[in-house]
Amino acid sequence: MQIGLVHYLIVSAILFSLGLFGIITRKHSVLVLMGIELILNAANINFIAFSRYGGMNIEGHVAAIFVIILAASEAAIALAIILNIYQNFRHVNIDEVDNLKD
């Protein structure tokens, strides 16, 4: 049995679905952040799979590198915001946070 494009797309769809579920339930801000990371990883799998099987050559790898850079910067900024929320409210439940002005 060979691993083909369909297998990569199935794994990517599962990761995307889990990430979307994590964002929609949004009880905890760290879970939302993990959901976003899962969605970005699903996009990376698609970029690499289509690069391999779709004839995109190097463009898929370059797009995946840009997504990895985006995910790293997003994680750093989001964690800084989560730490600020925890300092002000003593919890990280995003449903209970109205504003950061006070």
# chains A, B, ... in the order shown; residues from 1 in each chain; ligands from 1

$ select_by_dssp --residues "region 7-99 of chain A" --states "helix (DSSP H, G or I)" --output "ChimeraX atom specification"
/A:7-25,29-53,59-89

$ residues_around --residues "Gly54 (chain A)" --least-positions-apart "5" --cutoff "12 Å" --atoms "only C-alpha atoms" --output "list of chain:residue names"
A:Gly4, A:Leu5, A:Val6, A:Asn46, A:Phe47, A:Ile48, A:Ala49, A:Glu59, A:Gly60

$ write_last_selection --atoms "N, CA, C and O atoms" --output "short mmCIF file (atom, residue, chain, number, x, y, z; two decimals), in the first residue's frame"
data_model
loop_
_atom_site.label_atom_id
_atom_site.label_comp_id
_atom_site.auth_asym_id
_atom_site.auth_seq_id
_atom_site.Cartn_x
_atom_site.Cartn_y
_atom_site.Cartn_z
N GLY A 4 -0.64 8.06 -0.70
CA GLY A 4 -0.88 9.00 -1.79
C GLY A 4 -1.42 10.32 -1.28
O GLY A 4 -1.48 10.60 -0.08
N LEU A 5 -1.83 11.14 -2.23
CA LEU A 5 -2.34 12.46 -1.92
C LEU A 5 -3.60 12.40 -1.05
O LEU A 5 -3.78 13.22 -0.15
N VAL A 6 -4.43 11.42 -1.29
CA VAL A 6 -5.69 11.30 -0.54
C VAL A 6 -5.41 11.09 0.95
O VAL A 6 -6.11 11.66 1.80
N ASN A 46 -1.23 20.39 3.57
CA ASN A 46 -1.77 20.56 2.22
C ASN A 46 -0.74 21.16 1.27
O ASN A 46 -0.61 20.72 0.13
N PHE A 47 -0.02 22.18 1.72
CA PHE A 47 1.00 22.79 0.87
C PHE A 47 2.06 21.78 0.46
O PHE A 47 2.43 21.69 -0.71
N ILE A 48 2.55 21.01 1.40
CA ILE A 48 3.60 20.04 1.10
C ILE A 48 3.07 18.89 0.24
O ILE A 48 3.74 18.45 -0.70
N ALA A 49 1.85 18.43 0.52
CA ALA A 49 1.28 17.34 -0.26
C ALA A 49 1.04 17.76 -1.71
O ALA A 49 1.38 17.02 -2.64
N GLU A 59 7.36 25.76 -4.68
CA GLU A 59 6.43 26.79 -4.18
C GLU A 59 5.66 26.33 -2.95
O GLU A 59 5.39 27.12 -2.05
N GLY A 60 5.31 25.07 -2.89
CA GLY A 60 4.61 24.57 -1.72
C GLY A 60 5.47 24.59 -0.47
O GLY A 60 4.99 24.90 0.63
#

$ closest_residue --among "A:Tyr86, A:Phe21, A:Phe16, A:Phe66" --to "Asn41 (chain A)" --atoms "only C-alpha atoms"
A:Phe16

$ residues_around --residues "Phe50 (chain A)" --least-positions-apart "6" --cutoff "12 Å" --atoms "only C-alpha atoms" --output "list in words"
Gly4, Leu5, Val6, His7, Tyr8, Leu9, Ser12, Ala43, Asn44, Met56, Asn57, Ile58, Glu59, Gly60, His61, Ala63 and Ala64 of chain A

$ atom_distance --atom1 "CA of Ala71 (chain A)" --atom2 "CA of Lys27 (chain A)"
21.2 Å
